[in-house]
Amino acid sequence: MDQGIAGLVGAAVGGLIGIVGTLGAARLTGKDQRRTQHEHWRRQLRRDAFSQLVSQATEALRLGDSAIDAFEARVPSSARLSEQFSEVVERLDVVGSLIALEGPEEVANEAGEVITELHLWANALDIAIAVREGRHTFPSELWSVPSLEELVEDRERSHEAVATFTANCRSLLDC
């Protein structure tokens, strides 16, 4: 009988160890699954934020290119195009805040660079058009009116900033 009791006790202890092991494994699997789901969720948030900025910045570049071409050709619609360009650039601040929150820091800094370059270009173009149309004058010792060459440089820096941001986002999301 002692062997029978010992067998039952051994079976009970073995069963208990099996249950504890199964519960522990399930808990670890659950933690891994939650972590994986959280990583997937964060990646999707980043992907959405990055794609919003790229999409909106590309629209801004298109409008900015049209506005500067109209400005260079002295087409009267340059003011309207420049205004549309500025409006799209203003909307970039919202998505830039989201990217600053979601990170990573390097991409957040590059998003800030994109937004800053586009703001500088849009503001310079607005000023150049306003001065050309006689809506504003600036004292030369305080402010210089951007030349066409400077506007073209602003455009090139904006295009480069968007291209760099896009490439870095692509490589970050491929990891």
# chains A, B, ... in the order shown; residues from 1 in each chain; ligands from 1
call {"tool": "closest_atom_pairs", "arguments": {"of": "segment 99-123 of chain A", "to": "segment 74-82 of chain A", "cutoff": "12 Å", "atoms": "only C-alpha atoms", "output": "Markdown table"}}
result
| residue | atom | partner | partner_atom | distance |
| --- | --- | --- | --- | --- |
| A:Leu118 | CA | A:Ser82 | CA | 11.9 |
| A:His119 | CA | A:Ser82 | CA | 11.6 |
| A:Trp121 | CA | A:Ser82 | CA | 10.0 |
| A:Ala122 | CA | A:Ser82 | CA | 7.0 |
| A:Asn123 | CA | A:Ser82 | CA | 9.0 |
call {"tool": "atom_distance", "arguments": {"atom1": "atom CA of Ser55 of chain A", "atom2": "atom CA of Phe165 of chain A"}}
result
11.8 Å
call {"tool": "closest_residue", "arguments": {"among": "A:Glu72, A:Glu102, A:Glu110, A:Glu59", "to": "Ser86 of chain A", "atoms": "only C-alpha atoms"}}
result
A:Glu59
call {"tool": "atom_distance", "arguments": {"atom1": "atom CA of Glu106 of chain A", "atom2": "atom CA of Val54 of chain A"}}
result
15.8 Å
call {"tool": "closest_atom_pairs", "arguments": {"of": "segment 50-127 of chain A", "to": "segment 168-174 of chain A", "cutoff": "12 Å", "atoms": "only C-alpha atoms", "output": "Markdown table"}}
result
| residue | atom | partner | partner_atom | distance |
| --- | --- | --- | --- | --- |
| A:Phe50 | CA | A:Cys169 | CA | 6.9 |
| A:Ser51 | CA | A:Cys169 | CA | 8.9 |
| A:Gln52 | CA | A:Cys169 | CA | 11.8 |
| A:Leu53 | CA | A:Cys169 | CA | 10.6 |
| A:Val54 | CA | A:Cys169 | CA | 9.5 |
| A:Ile99 | CA | A:Cys169 | CA | 11.1 |
| A:Gly103 | CA | A:Cys169 | CA | 10.7 |
| A:Pro104 | CA | A:Leu172 | CA | 9.3 |
| A:Glu105 | CA | A:Leu172 | CA | 11.9 |
| A:Glu106 | CA | A:Asn168 | CA | 9.0 |
| A:Val107 | CA | A:Cys169 | CA | 7.0 |
| A:Ala108 | CA | A:Cys169 | CA | 10.2 |
| A:Asn109 | CA | A:Asn168 | CA | 11.4 |
| A:Glu110 | CA | A:Asn168 | CA | 8.8 |
| A:Ala111 | CA | A:Cys169 | CA | 9.9 |
call {"tool": "closest_residue", "arguments": {"among": "A:Leu92, A:Leu63, A:Leu45, A:Ile115", "to": "Ser158 of chain A", "atoms": "only C-alpha atoms"}}
result
A:Ile115
call {"tool": "closest_residue", "arguments": {"among": "A:Arg42, A:Pro146, A:Asp69, A:Arg62", "to": "Asp126 of chain A", "atoms": "only C-alpha atoms"}}
result
A:Pro146
